[in-house]
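Data file: structure.cif. Format and content: mmCIF, C-alpha atoms.
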data_start
loop_
_atom_site.label_atom_id
_atom_site.label_comp_id
_atom_site.auth_asym_id
_atom_site.auth_seq_id
_atom_site.Cartn_x
_atom_site.Cartn_y
_atom_site.Cartn_z
CA MET H 17 -26.57 52.17 30.88
CA GLU H 18 -25.42 50.98 27.52
CA GLU H 19 -23.74 47.61 27.61
CA ARG H 20 -20.39 47.76 25.94
CA LYS H 21 -19.13 44.78 23.98
CA GLU H 22 -15.54 44.44 24.93
CA LEU H 23 -13.15 42.75 22.51
CA LYS H 24 -10.93 40.26 24.26
CA VAL H 25 -8.46 40.53 21.40
CA ASN H 26 -7.96 44.00 19.97
CA ALA H 27 -9.12 44.90 16.50
CA ILE H 28 -6.57 45.28 13.71
CA GLU H 29 -6.49 47.97 11.06
CA ASN H 30 -5.46 45.80 8.12
CA GLY H 31 -4.89 42.08 7.85
CA THR H 32 -6.59 38.76 8.50
CA VAL H 33 -8.60 37.47 11.41
CA ILE H 34 -8.75 33.71 11.71
CA ASP H 35 -11.80 33.05 13.86
CA HIS H 36 -13.57 29.95 15.21
CA ILE H 37 -10.40 27.93 15.63
CA PRO H 38 -10.86 24.96 17.98
CA THR H 39 -9.15 26.27 21.07
CA GLN H 40 -6.64 23.40 21.26
CA SER H 41 -5.55 24.02 17.66
CA VAL H 42 -4.48 27.66 17.95
CA PHE H 43 -0.79 26.90 18.39
CA GLN H 44 -0.94 24.33 15.60
CA VAL H 45 -2.34 26.97 13.23
CA ILE H 46 0.42 29.37 14.33
CA ASN H 47 3.04 26.73 13.49
CA MET H 48 1.41 25.69 10.22
CA LEU H 49 1.39 29.22 8.91
CA SER H 50 4.90 29.81 10.31
CA LEU H 51 3.52 32.80 12.20
CA ASN H 52 6.24 32.33 14.81
CA GLU H 53 8.66 33.58 12.14
CA CYS H 54 6.38 36.37 10.95
CA GLU H 55 7.50 39.91 11.80
CA ASN H 56 4.06 41.47 11.58
CA GLN H 57 2.01 42.27 14.64
CA ILE H 58 0.06 39.21 15.73
CA LEU H 59 -2.61 38.97 18.43
CA PHE H 60 -4.14 35.74 19.55
CA GLY H 61 -6.48 34.34 22.15
CA THR H 62 -7.44 30.89 23.35
CA ASN H 63 -10.31 29.61 25.52
CA LEU H 64 -12.50 32.52 24.46
CA GLU H 65 -16.24 32.19 24.86
CA SER H 66 -18.12 31.13 21.76
CA LYS H 67 -21.86 30.67 21.36
CA LYS H 68 -21.27 28.08 18.63
CA PHE H 69 -18.40 26.08 20.09
CA GLY H 70 -18.34 26.78 23.82
CA LYS H 71 -14.67 27.73 23.59
CA LYS H 72 -12.71 28.97 20.63
CA GLY H 73 -9.43 30.46 19.59
CA ILE H 74 -8.72 33.48 17.42
CA ILE H 75 -5.64 34.82 15.64
CA LYS H 76 -5.29 38.31 14.18
CA VAL H 77 -2.41 38.95 11.81
CA SER H 78 -1.71 42.48 10.71
CA ASN H 79 -0.97 43.28 7.09
CA ARG H 80 -1.09 39.73 5.91
CA PHE H 81 -3.53 37.99 3.55
CA PHE H 82 -3.39 34.27 2.90
CA ASP H 83 -3.48 32.43 -0.41
CA PRO H 84 -5.89 29.50 -1.02
CA ASP H 85 -3.14 26.95 -0.32
CA ALA H 86 -2.62 28.27 3.16
CA VAL H 87 -6.35 28.43 3.73
CA ASN H 88 -6.69 24.75 2.88
CA LYS H 89 -3.88 23.97 5.24
CA ILE H 90 -5.76 25.62 8.11
CA ALA H 91 -8.82 23.49 7.30
CA LEU H 92 -6.87 20.37 8.28
CA VAL H 93 -6.69 21.35 11.96
CA ALA H 94 -9.48 23.90 12.13
CA PRO H 95 -12.26 22.80 9.77
CA SER H 96 -14.69 25.26 11.33
CA ALA H 97 -12.41 28.29 10.99
CA THR H 98 -13.39 31.47 9.17
CA LEU H 99 -10.92 33.87 7.61
CA ILE H 100 -11.96 37.48 7.76
CA GLU H 101 -10.00 40.02 5.77
CA ILE H 102 -9.89 43.49 7.24
CA LYS H 103 -9.03 46.70 5.48
CA ASN H 104 -9.22 49.97 7.37
CA TYR H 105 -10.96 48.27 10.34
CA LYS H 106 -13.72 47.07 7.96
CA VAL H 107 -14.48 43.50 6.93
CA THR H 108 -13.80 43.24 3.20
CA GLU H 109 -14.07 39.48 2.77
CA LYS H 110 -15.09 36.38 4.73
CA LYS H 111 -13.83 32.97 3.71
CA VAL H 112 -14.96 29.70 5.18
CA VAL H 113 -12.17 27.14 5.09
CA SER H 114 -12.93 23.85 3.40
CA ILE H 115 -11.14 20.52 3.50
CA PRO H 116 -9.57 19.94 0.08
CA GLU H 117 -9.86 16.67 -1.93
CA LYS H 118 -6.08 16.31 -2.04
CA VAL H 119 -3.45 17.41 0.43
CA ASN H 120 0.09 17.76 -0.83
CA LYS H 121 3.27 18.56 1.06
CA PHE H 122 1.90 19.89 4.41
CA VAL H 123 1.46 16.72 6.42
CA LYS H 124 3.86 13.87 7.20
CA CYS H 125 2.75 10.28 6.67
CA VAL H 126 2.15 8.47 9.97
CA ASN H 127 3.76 5.24 8.71
CA PRO H 128 7.40 5.21 9.89
CA ASN H 129 8.26 2.79 7.09
CA CYS H 130 6.77 4.96 4.35
CA ILE H 131 9.27 6.08 1.71
CA THR H 132 8.23 9.70 2.26
CA ASN H 133 9.78 9.55 5.75
CA HIS H 134 13.14 8.37 4.39
CA GLU H 135 13.67 10.21 1.11
CA ASP H 136 13.18 13.78 0.07
CA VAL H 137 9.67 13.10 -1.27
CA VAL H 138 6.80 15.58 -1.21
CA THR H 139 3.91 13.83 0.55
CA LYS H 140 0.64 13.41 -1.32
CA PHE H 141 -2.64 12.39 0.27
CA THR H 142 -6.22 11.81 -0.77
CA VAL H 143 -8.79 12.96 1.78
CA THR H 144 -10.88 9.84 2.47
CA ASP H 145 -12.97 11.28 5.31
CA LYS H 146 -13.72 14.99 5.44
CA GLN H 147 -15.67 14.78 8.69
CA ASP H 148 -12.91 13.25 10.80
CA VAL H 149 -10.14 14.42 8.43
CA LYS H 150 -8.46 11.20 7.37
CA LEU H 151 -5.72 11.25 4.76
CA GLN H 152 -4.60 8.27 2.72
CA CYS H 153 -0.98 8.35 1.61
CA LEU H 154 -0.58 8.01 -2.14
CA TYR H 155 2.67 6.06 -1.64
CA CYS H 156 2.11 3.54 1.17
CA GLU H 157 -1.72 3.83 1.26
CA LYS H 158 -1.74 4.04 5.06
CA THR H 159 -4.20 6.44 6.70
CA THR H 160 -3.08 9.40 8.78
CA ALA H 161 -5.84 10.78 11.00
CA ARG H 162 -6.12 14.28 12.41
CA GLY H 163 -4.87 13.28 15.86
CA ASN H 164 -1.60 12.13 14.30
CA PHE H 165 -0.84 15.11 12.10
CA THR H 166 2.74 16.30 12.04
CA PHE H 167 3.34 19.20 9.73
CA VAL H 168 6.24 19.29 7.32
CA MET Q 29 1.31 -2.79 -21.70
CA LYS Q 30 4.39 -1.44 -23.44
CA ASN Q 31 6.37 0.83 -21.10
CA ARG Q 32 3.70 0.50 -18.40
CA SER Q 33 5.11 0.05 -14.91
CA LEU Q 34 3.59 -2.49 -12.54
CA VAL Q 35 3.63 -0.96 -9.06
CA SER Q 36 0.31 -2.26 -7.78
CA ILE Q 37 -1.96 -4.96 -9.21
CA SER Q 38 -4.63 -2.30 -9.73
CA ASP Q 39 -2.37 -0.53 -12.26
CA TYR Q 40 -3.56 -3.14 -14.75
CA THR Q 41 -7.19 -3.62 -15.71
CA ILE Q 42 -8.75 -7.04 -15.30
CA GLU Q 43 -8.38 -7.58 -19.08
CA GLU Q 44 -4.68 -6.71 -18.87
CA GLN Q 45 -4.17 -9.06 -15.92
CA LEU Q 46 -5.83 -11.88 -17.89
CA LYS Q 47 -3.70 -11.02 -20.93
CA ILE Q 48 -0.56 -11.50 -18.80
CA LEU Q 49 -1.86 -14.90 -17.65
CA GLU Q 50 -2.53 -15.89 -21.27
CA LEU Q 51 0.96 -14.84 -22.29
CA ALA Q 52 2.43 -16.73 -19.34
CA ALA Q 53 0.74 -19.88 -20.65
CA GLU Q 54 2.42 -19.28 -24.03
CA PHE Q 55 5.82 -18.93 -22.36
CA GLU Q 56 5.22 -22.08 -20.36
CA LYS Q 57 4.84 -24.00 -23.64
CA ASN Q 58 7.92 -22.39 -25.12
CA PRO Q 59 10.12 -20.80 -22.43
CA ARG Q 60 13.48 -20.43 -24.23
CA GLN Q 61 13.13 -17.61 -26.70
CA LYS Q 62 15.75 -15.08 -27.74
CA ILE Q 63 13.31 -12.20 -27.74
CA LEU Q 64 15.03 -9.93 -25.18
CA GLU Q 65 18.54 -10.26 -26.64
CA LYS Q 66 18.80 -6.51 -27.14
CA HIS Q 67 17.51 -5.60 -23.70
CA VAL Q 68 19.10 -4.97 -20.33
CA VAL Q 69 17.08 -5.73 -17.21
CA ALA Q 70 18.19 -4.08 -13.96
CA SER Q 71 17.49 -6.18 -10.87
CA LEU Q 72 17.75 -3.93 -7.81
CA PHE Q 73 17.23 -5.77 -4.55
CA PHE Q 74 17.65 -3.26 -1.71
CA GLU Q 75 16.84 -6.12 0.65
CA PRO Q 76 17.57 -9.79 0.05
CA SER Q 77 14.79 -11.93 -1.40
CA THR Q 78 16.57 -14.80 -3.06
CA ARG Q 79 13.47 -16.57 -4.34
CA THR Q 80 11.90 -13.56 -6.04
CA ARG Q 81 15.23 -12.34 -7.42
CA LEU Q 82 16.18 -15.72 -8.91
CA SER Q 83 12.72 -16.08 -10.40
CA PHE Q 84 12.99 -12.70 -12.17
CA GLU Q 85 16.58 -13.31 -13.24
CA SER Q 86 15.73 -16.77 -14.54
CA ALA Q 87 12.80 -15.30 -16.52
CA ALA Q 88 15.06 -12.60 -18.01
CA SER Q 89 17.87 -15.09 -18.75
CA GLN Q 90 15.61 -17.57 -20.49
CA LEU Q 91 14.52 -14.79 -22.82
CA SER Q 92 18.19 -13.87 -23.42
CA ALA Q 93 18.14 -10.47 -21.70
CA LYS Q 94 21.28 -9.12 -20.01
CA ILE Q 95 20.95 -8.58 -16.28
CA VAL Q 96 22.66 -5.93 -14.15
CA GLY Q 97 22.02 -5.14 -10.51
CA PHE Q 98 22.64 -6.03 -6.89
CA SER Q 99 21.15 -8.49 -4.45
CA GLU Q 100 21.34 -6.43 -1.25
CA ALA Q 101 21.81 -2.80 -0.39
CA GLY Q 102 25.11 -3.45 1.42
CA THR Q 103 26.89 -4.20 -1.86
CA SER Q 104 25.59 -1.11 -3.65
CA SER Q 105 26.07 2.64 -3.50
CA VAL Q 106 23.12 2.74 -1.08
CA SER Q 107 25.58 1.81 1.67
CA LYS Q 108 27.43 5.02 0.84
CA GLY Q 109 24.26 6.99 1.49
CA GLU Q 110 22.97 7.44 -2.03
CA SER Q 111 19.28 8.33 -2.24
CA LEU Q 112 16.81 6.01 -3.94
CA LYS Q 113 16.14 8.72 -6.50
CA ASP Q 114 19.80 8.95 -7.50
CA THR Q 115 20.20 5.17 -7.70
CA ILE Q 116 17.11 4.88 -9.90
CA LEU Q 117 18.14 7.76 -12.18
CA THR Q 118 21.64 6.32 -12.56
CA VAL Q 119 20.54 2.75 -13.22
CA SER Q 120 17.95 4.01 -15.72
CA ASN Q 121 20.92 5.03 -17.87
CA TYR Q 122 22.13 1.44 -17.95
CA SER Q 123 18.91 -0.49 -18.47
CA ASP Q 124 15.58 -0.72 -20.26
CA ILE Q 125 13.50 -1.80 -17.28
CA ILE Q 126 14.01 -1.94 -13.50
CA VAL Q 127 12.85 -4.77 -11.26
CA MET Q 128 12.97 -3.44 -7.71
CA ARG Q 129 12.60 -4.86 -4.23
CA HIS Q 130 12.80 -2.29 -1.43
CA PRO Q 131 12.05 -2.40 2.31
CA ARG Q 132 10.12 0.90 2.39
CA GLU Q 133 6.41 1.08 1.63
CA GLY Q 134 5.59 3.25 -1.34
CA SER Q 135 9.17 3.10 -2.69
CA ALA Q 136 8.03 1.48 -5.93
CA LEU Q 137 5.60 4.28 -6.77
CA TYR Q 138 8.26 6.87 -5.95
CA ALA Q 139 10.81 5.05 -8.12
CA ASP Q 140 8.25 5.01 -10.93
CA GLU Q 141 7.75 8.76 -10.60
CA VAL Q 142 11.44 9.51 -11.01
CA ALA Q 143 12.49 6.78 -13.46
CA PRO Q 144 12.42 7.33 -17.21
CA VAL Q 145 12.21 3.53 -17.69
CA PRO Q 146 9.37 1.25 -16.50
CA ILE Q 147 9.48 -0.27 -13.01
CA ILE Q 148 8.27 -3.70 -11.89
CA ASN Q 149 7.60 -3.76 -8.15
CA ALA Q 150 9.09 -6.95 -6.70
CA GLY Q 151 7.84 -6.03 -3.21
CA ASP Q 152 7.86 -2.69 -1.37
CA GLY Q 153 7.89 -3.34 2.36
CA ALA Q 154 4.61 -4.73 3.61
CA HIS Q 155 2.78 -2.85 0.86
CA GLN Q 156 2.50 -4.55 -2.54
CA HIS Q 157 3.97 -7.54 -4.37
CA PRO Q 158 1.91 -7.67 -7.55
CA THR Q 159 3.91 -10.36 -9.38
CA GLN Q 160 3.19 -12.78 -6.51
CA THR Q 161 -0.52 -12.05 -6.94
CA LEU Q 162 -0.33 -12.66 -10.68
CA LEU Q 163 1.52 -15.95 -10.26
CA ASP Q 164 -1.05 -17.07 -7.68
CA MET Q 165 -3.83 -16.19 -10.12
CA TYR Q 166 -2.01 -18.06 -12.87
CA SER Q 167 -1.67 -21.14 -10.63
CA ILE Q 168 -5.39 -21.08 -9.81
CA MET Q 169 -6.34 -20.59 -13.46
CA LYS Q 170 -4.06 -23.37 -14.59
CA THR Q 171 -5.20 -25.94 -12.04
CA GLN Q 172 -8.91 -25.10 -12.11
CA GLY Q 173 -9.31 -24.01 -15.72
CA ARG Q 174 -11.01 -20.79 -14.60
CA LEU Q 175 -10.94 -17.99 -12.03
CA ASP Q 176 -14.70 -17.59 -11.73
CA ASN Q 177 -16.98 -19.35 -9.23
CA LEU Q 178 -14.34 -21.00 -7.09
CA ASN Q 179 -14.17 -21.78 -3.38
CA ILE Q 180 -10.86 -20.53 -2.09
CA ALA Q 181 -9.60 -21.15 1.44
CA PHE Q 182 -6.85 -19.15 3.11
CA VAL Q 183 -5.19 -20.68 6.18
CA GLY Q 184 -2.83 -19.25 8.78
CA ASP Q 185 -1.82 -15.66 9.45
CA LEU Q 186 -4.42 -13.70 7.53
CA LYS Q 187 -3.80 -10.47 9.43
CA TYR Q 188 -0.25 -9.60 8.48
CA GLY Q 189 0.16 -11.53 5.23
CA ARG Q 190 0.52 -9.07 2.37
CA THR Q 191 0.28 -11.96 -0.11
CA VAL Q 192 -3.13 -12.95 1.24
CA HIS Q 193 -4.52 -9.39 1.19
CA SER Q 194 -3.48 -8.77 -2.40
CA LEU Q 195 -4.76 -12.12 -3.64
CA VAL Q 196 -8.11 -11.72 -1.87
CA MET Q 197 -8.49 -8.26 -3.44
CA ALA Q 198 -7.62 -9.65 -6.88
CA LEU Q 199 -10.02 -12.59 -6.52
CA CYS Q 200 -12.81 -10.16 -5.64
CA GLN Q 201 -12.84 -9.38 -9.36
CA PHE Q 202 -14.24 -12.89 -9.89
CA ASN Q 203 -17.16 -14.64 -8.28
CA THR Q 204 -15.13 -16.18 -5.45
CA THR Q 205 -16.40 -17.68 -2.18
CA PHE Q 206 -13.79 -17.16 0.52
CA HIS Q 207 -13.08 -19.49 3.45
CA LEU Q 208 -10.86 -17.81 6.01
CA VAL Q 209 -9.14 -20.04 8.57
CA SER Q 210 -7.03 -18.36 11.25
CA PRO Q 211 -6.55 -17.92 14.99
CA VAL Q 212 -8.99 -15.31 16.30
CA PHE Q 213 -6.38 -12.57 16.61
CA LEU Q 214 -4.87 -13.22 13.16
CA LYS Q 215 -8.11 -12.73 11.22
CA LEU Q 216 -8.23 -10.97 7.88
CA PRO Q 217 -8.26 -7.16 8.47
CA SER Q 218 -11.69 -5.56 8.31
CA TYR Q 219 -10.85 -3.35 5.33
CA VAL Q 220 -10.17 -6.45 3.23
CA LYS Q 221 -13.39 -8.09 4.44
CA GLN Q 222 -15.24 -4.88 3.63
CA HIS Q 223 -13.88 -5.10 0.10
CA ILE Q 224 -15.34 -8.64 -0.20
CA LYS Q 225 -18.72 -7.35 1.02
CA ASP Q 226 -18.61 -4.36 -1.33
CA LYS Q 227 -18.33 -6.81 -4.23
CA ASN Q 228 -21.37 -8.74 -2.89
CA LEU Q 229 -19.28 -11.83 -2.34
CA THR Q 230 -19.39 -14.26 0.57
CA TYR Q 231 -16.79 -15.16 3.16
CA HIS Q 232 -16.85 -17.64 6.02
CA GLN Q 233 -14.49 -17.53 9.00
CA TYR Q 234 -13.18 -20.57 10.87
CA THR Q 235 -10.58 -21.37 13.49
CA GLU Q 236 -9.96 -24.92 12.17
CA MET Q 237 -9.40 -26.11 8.65
CA ASN Q 238 -10.82 -29.67 8.77
CA ASP Q 239 -14.36 -28.71 7.72
CA VAL Q 240 -13.08 -26.51 4.96
CA ILE Q 241 -10.86 -29.01 3.15
CA PRO Q 242 -13.65 -31.06 1.44
CA ARG Q 243 -15.39 -27.91 0.23
CA THR Q 244 -12.60 -25.88 -1.26
CA ASP Q 245 -10.97 -25.81 -4.69
CA ILE Q 246 -7.81 -24.09 -3.49
CA LEU Q 247 -6.21 -24.38 -0.05
CA TYR Q 248 -3.84 -21.42 0.28
CA MET Q 249 -1.53 -22.08 3.23
CA THR Q 250 0.56 -19.40 4.96
CA ARG Q 251 3.06 -19.42 7.76
CA ILE Q 252 2.14 -18.37 11.28
CA GLN Q 253 5.11 -16.65 12.87
CA LYS Q 254 5.68 -17.39 16.51
CA GLU Q 255 6.62 -13.72 17.07
CA ARG Q 256 3.03 -12.69 16.35
CA PHE Q 257 1.88 -14.34 19.57
CA SER Q 258 2.23 -12.31 22.75
CA ASP Q 259 1.61 -15.45 24.78
CA PRO Q 260 3.91 -18.42 23.97
CA ILE Q 261 1.46 -20.83 25.64
CA GLU Q 262 -1.23 -19.70 23.24
CA TYR Q 263 1.11 -20.35 20.32
CA GLU Q 264 1.81 -23.88 21.53
CA ARG Q 265 -1.91 -24.45 21.92
CA VAL Q 266 -2.96 -23.39 18.43
CA LYS Q 267 0.05 -24.07 16.22
CA ASP Q 268 -0.91 -27.65 15.34
CA ALA Q 269 -4.34 -26.59 14.16
CA TYR Q 270 -2.71 -24.83 11.21
CA ILE Q 271 -0.42 -27.61 10.05
CA LEU Q 272 -1.59 -29.51 7.00
CA ARG Q 273 -0.98 -33.27 7.14
CA LEU Q 274 -1.52 -35.87 4.45
CA ALA Q 275 -4.39 -37.65 6.25
CA MET Q 276 -6.39 -34.41 6.29
CA LEU Q 277 -6.55 -34.47 2.48
CA GLU Q 278 -8.53 -37.74 2.37
CA ASN Q 279 -11.83 -36.05 1.62
CA ALA Q 280 -10.44 -33.28 -0.53
CA LYS Q 281 -11.96 -32.69 -3.95
CA LYS Q 282 -10.07 -34.25 -6.87
CA ASN Q 283 -9.37 -30.86 -8.39
CA MET Q 284 -8.24 -29.32 -5.07
CA LYS Q 285 -4.71 -27.90 -4.97
CA VAL Q 286 -2.61 -26.73 -2.05
CA LEU Q 287 -0.76 -23.45 -2.65
CA HIS Q 288 1.82 -21.70 -0.48
CA PRO Q 289 3.86 -18.56 -1.27
CA LEU Q 290 7.00 -20.25 0.20
CA PRO Q 291 9.23 -20.49 2.09
CA ARG Q 292 7.34 -22.89 4.28
CA VAL Q 293 8.56 -23.87 7.71
CA ASN Q 294 6.39 -26.60 9.17
CA GLU Q 295 2.86 -25.61 8.21
CA ILE Q 296 2.74 -28.21 5.45
CA ASP Q 297 3.97 -31.61 6.55
CA GLY Q 298 6.60 -33.18 4.25
CA ASP Q 299 4.26 -36.13 3.54
CA VAL Q 300 1.90 -33.81 1.69
CA ASP Q 301 4.56 -33.11 -0.97
CA SER Q 302 3.89 -36.42 -2.74
CA SER Q 303 0.10 -36.01 -2.79
CA PRO Q 304 -1.67 -35.04 -6.01
CA GLN Q 305 -2.93 -31.94 -4.21
CA ALA Q 306 0.53 -30.50 -3.54
CA TYR Q 307 1.13 -27.68 -5.98
CA TYR Q 308 3.43 -25.18 -4.21
CA PHE Q 309 6.65 -26.00 -6.06
CA GLN Q 310 4.88 -25.85 -9.42
CA GLN Q 311 3.39 -22.56 -8.20
CA ALA Q 312 6.90 -21.18 -7.71
CA LYS Q 313 7.82 -22.36 -11.21
CA ASN Q 314 4.76 -20.58 -12.60
CA GLY Q 315 6.22 -17.38 -11.25
CA VAL Q 316 8.96 -17.54 -13.88
CA PHE Q 317 6.43 -17.72 -16.76
CA VAL Q 318 4.39 -14.85 -15.34
CA ARG Q 319 7.55 -12.73 -15.01
CA MET Q 320 8.55 -13.62 -18.59
CA ALA Q 321 5.13 -12.43 -19.73
CA LEU Q 322 5.54 -9.16 -17.81
CA LEU Q 323 9.08 -8.43 -19.04
CA ALA Q 324 8.17 -9.21 -22.64
CA SER Q 325 4.97 -7.15 -22.70
CA ILE Q 326 6.38 -4.14 -20.83
CA LEU Q 327 9.46 -4.12 -23.08
CA GLY Q 328 7.08 -4.26 -26.03
CA VAL Q 329 8.39 -7.41 -27.73
CA VAL Q 330 4.99 -9.11 -27.51
CA LYS Q 331 1.56 -7.53 -27.70
#
Output the file's structure in the form of structure tokens.
Amino acid sequence: MEERKELKVNAIENGTVIDHIPTQSVFQVINMLSLNECENQILFGTNLESKKFGKKGIIKVSNRFFDPDAVNKIALVAPSATLIEIKNYKVTEKKVVSIPEKVNKFVKCVNPNCITNHEDVVTKFTVTDKQDVKLQCLYCEKTTARGNFTFV
Amino acid sequence: MKNRSLVSISDYTIEEQLKILELAAEFEKNPRQKILEKHVVASLFFEPSTRTRLSFESAASQLSAKIVGFSEAGTSSVSKGESLKDTILTVSNYSDIIVMRHPREGSALYADEVAPVPIINAGDGAHQHPTQTLLDMYSIMKTQGRLDNLNIAFVGDLKYGRTVHSLVMALCQFNTTFHLVSPVFLKLPSYVKQHIKDKNLTYHQYTEMNDVIPRTDILYMTRIQKERFSDPIEYERVKDAYILRLAMLENAKKNMKVLHPLPRVNEIDGDVDSSPQAYYFQQAKNGVFVRMALLASILGVVK
């Protein structure tokens, strides 16, 4: 008998699949991309089996394609994620996310006494460690690490 | 350095820093000059710092500049909820340069981004205080005749002291040997020590200062705050080890000078004041010449 590969999360006709998300970061990615306010059809799964990661998360967003800014943003919480663009049930493009050199506006500085937490200032960071994702604030020079990320 | 803000010491190259020290020496010889008669200096102190403010205002006054500003946020529009951006943009209309002290870290860089006039950072929270670093460098240069190849000892709270971190970083530009004297839990942070190592320089750590005194050219004292100790018994046990007394200077080198960013509480005994090694009040005076040099070069009246 032929073994049938069953999809845990249904396929979409058009849109973007964000795959290989660390399972604990799925909701963070949803928040970062403001998908909770998105009116398109969205399917997601957590704690799915993955050969590479043991467990992974996946998000499928219908009829939406993300610009490079948003892709970089995802890299901050899901550095291993892949973005797969689907048109007519076919993969048209695969993008691997990559941690940018600079991160502007997405993340809040961890230092409660930093000016960016008291005035209407767009945060600016230099990525000092791509492996562990550490960001150094341009203003107060304090480091915000991945575990402490709060998104603007 | 015309129109160039000074937010962090690293905004100026080593040559520019030395140029400021040279100019400061010129102003020390001839401090009363009417070269800033046509200029208005804004002195915005969002938190009180009497010493730094008076030093800047004295520097500006001696060069005949007009001064506008406030000495604490409570007496300004800040207390009505005005944003830093709005205050800076407004005051920029009234002045040629802004000297700013602010309790938030990174506020000086932000002010510099929004202001059409240059900014001098007079302290932004626990972050940077570059004019203190320059006046410390000037004091070392003046008393030792050079900045290269010196033994410099830092004593006290080396963990939290912004002054110490900035000066250590600045002295890493020269061939300095560092002697770091502190209680075990108030040691210099590892990122500052890493910076010393990166420059292939040497540091030694101690918990007592007696052995260090005969070997050092500069003894930079700082205050240990009781609040830093979680255990009051521990504070009582160690506090005396970081108090400098006159008898301890017996074997000090002739050229050795004692510096302190002030205010001191009890970490330098009053008897030390009359010793030839005491230099901290002169150090504070040097701050005025360094600030004159900064105002005059940023406003473009000297090159």
Convert the output of the PyMOL selection byres ((chain H) within 12 of (chain Q)) on the shown file into explicit residues, formatted as a list of chain:residue names. H:Cys125, H:Val126, H:Asn127, H:Pro128, H:Asn129, H:Cys130, H:Ile131, H:Thr132, H:Asn133, H:His134, H:Glu135, H:Asp136, H:Val137, H:Val138, H:Thr139, H:Lys140, H:Cys153, H:Leu154, H:Tyr155, H:Cys156, H:Glu157, H:Lys158, H:Thr159
Suppose you want the space between CA of Ile115 in chain H and CA of Val42 in chain H; what is it in Å?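 That distance, rounded to one decimal, is 17.4 Å.
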Test item: residues at most 8 Å from range 50-65 of chain H, only C-alpha atoms, excluding those fewer than 3 positions along its chain, as a PDB file with C-alpha atoms, keeping the file's coordinate frame:
ATOM      1  CA  LYS H  24     -10.930  40.260  24.260  1.00  0.00           C
ATOM      2  CA  VAL H  25      -8.460  40.530  21.400  1.00  0.00           C
ATOM      3  CA  ASN H  26      -7.960  44.000  19.970  1.00  0.00           C
ATOM      4  CA  THR H  39      -9.150  26.270  21.070  1.00  0.00           C
ATOM      5  CA  GLN H  40      -6.640  23.400  21.260  1.00  0.00           C
ATOM      6  CA  VAL H  42      -4.480  27.660  17.950  1.00  0.00           C
ATOM      7  CA  ILE H  46       0.420  29.370  14.330  1.00  0.00           C
ATOM      8  CA  ASN H  47       3.040  26.730  13.490  1.00  0.00           C
ATOM      9  CA  GLY H  70     -18.340  26.780  23.820  1.00  0.00           C
ATOM     10  CA  LYS H  71     -14.670  27.730  23.590  1.00  0.00           C
ATOM     11  CA  LYS H  72     -12.710  28.970  20.630  1.00  0.00           C
ATOM     12  CA  GLY H  73      -9.430  30.460  19.590  1.00  0.00           C
ATOM     13  CA  ILE H  74      -8.720  33.480  17.420  1.00  0.00           C
ATOM     14  CA  ILE H  75      -5.640  34.820  15.640  1.00  0.00           C
ATOM     15  CA  LYS H  76      -5.290  38.310  14.180  1.00  0.00           C
ATOM     16  CA  VAL H  77      -2.410  38.950  11.810  1.00  0.00           C
ATOM     17  CA  SER H  78      -1.710  42.480  10.710  1.00  0.00           C
ATOM     18  CA  ASN H  79      -0.970  43.280   7.090  1.00  0.00           C
ATOM     19  CA  ARG H  80      -1.090  39.730   5.910  1.00  0.00           C
TER      20      ARG H  80
END
Set the distance at 8 Å and use all atoms listed in the file: which residues neighbour Pro158 in chain Q once local chain neighbours fewer than 4 positions away are removed? I'd like the list as a tab-separated table (two decimals) with C-alpha atoms, keeping the file's coordinate frame.
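The new file out10.tsv reads:
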chain	number	residue	atom	x	y	z
Q	34	LEU	CA	3.59	-2.49	-12.54
Q	35	VAL	CA	3.63	-0.96	-9.06
Q	36	SER	CA	0.31	-2.26	-7.78
Q	37	ILE	CA	-1.96	-4.96	-9.21
Q	149	ASN	CA	7.60	-3.76	-8.15
Q	150	ALA	CA	9.09	-6.95	-6.70
Q	151	GLY	CA	7.84	-6.03	-3.21
Q	162	LEU	CA	-0.33	-12.66	-10.68
Q	194	SER	CA	-3.48	-8.77	-2.40
My list of candidates is H:Gln152, H:Asn120, H:Ser114, H:Thr108. Which is closest to Val33 in chain H when distances are computed with only C-alpha atoms?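 For Val33 in chain H, the nearest of the candidates is H:Thr108.
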Minimum-distance residue to Leu163 in chain Q, chosen among Q:Ala275, Q:Ile48, Q:Met29, Q:Leu323 (using all atoms listed in the file): Q:Ile48
Using the chain letters and numbers from the file, which residues does the PyMOL selection byres ((chain Q and resi 244-248) around 6) grab, as a PyMOL selection string? chain Q and resi 179-182+241-243+249+284-288
I need the chosen residues saved as an mmCIF file, keeping the file's coordinate frame, with C-alpha atoms.
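part-v4.cif was written with the following content:
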data_model
loop_
_atom_site.group_PDB
_atom_site.id
_atom_site.type_symbol
_atom_site.label_atom_id
_atom_site.label_comp_id
_atom_site.auth_asym_id
_atom_site.auth_seq_id
_atom_site.Cartn_x
_atom_site.Cartn_y
_atom_site.Cartn_z
ATOM 1 C CA ASN Q 179 -14.170 -21.780 -3.380
ATOM 2 C CA ILE Q 180 -10.860 -20.530 -2.090
ATOM 3 C CA ALA Q 181 -9.600 -21.150 1.440
ATOM 4 C CA PHE Q 182 -6.850 -19.150 3.110
ATOM 5 C CA ILE Q 241 -10.860 -29.010 3.150
ATOM 6 C CA PRO Q 242 -13.650 -31.060 1.440
ATOM 7 C CA ARG Q 243 -15.390 -27.910 0.230
ATOM 8 C CA MET Q 249 -1.530 -22.080 3.230
ATOM 9 C CA MET Q 284 -8.240 -29.320 -5.070
ATOM 10 C CA LYS Q 285 -4.710 -27.900 -4.970
ATOM 11 C CA VAL Q 286 -2.610 -26.730 -2.050
ATOM 12 C CA LEU Q 287 -0.760 -23.450 -2.650
ATOM 13 C CA HIS Q 288 1.820 -21.700 -0.480
#
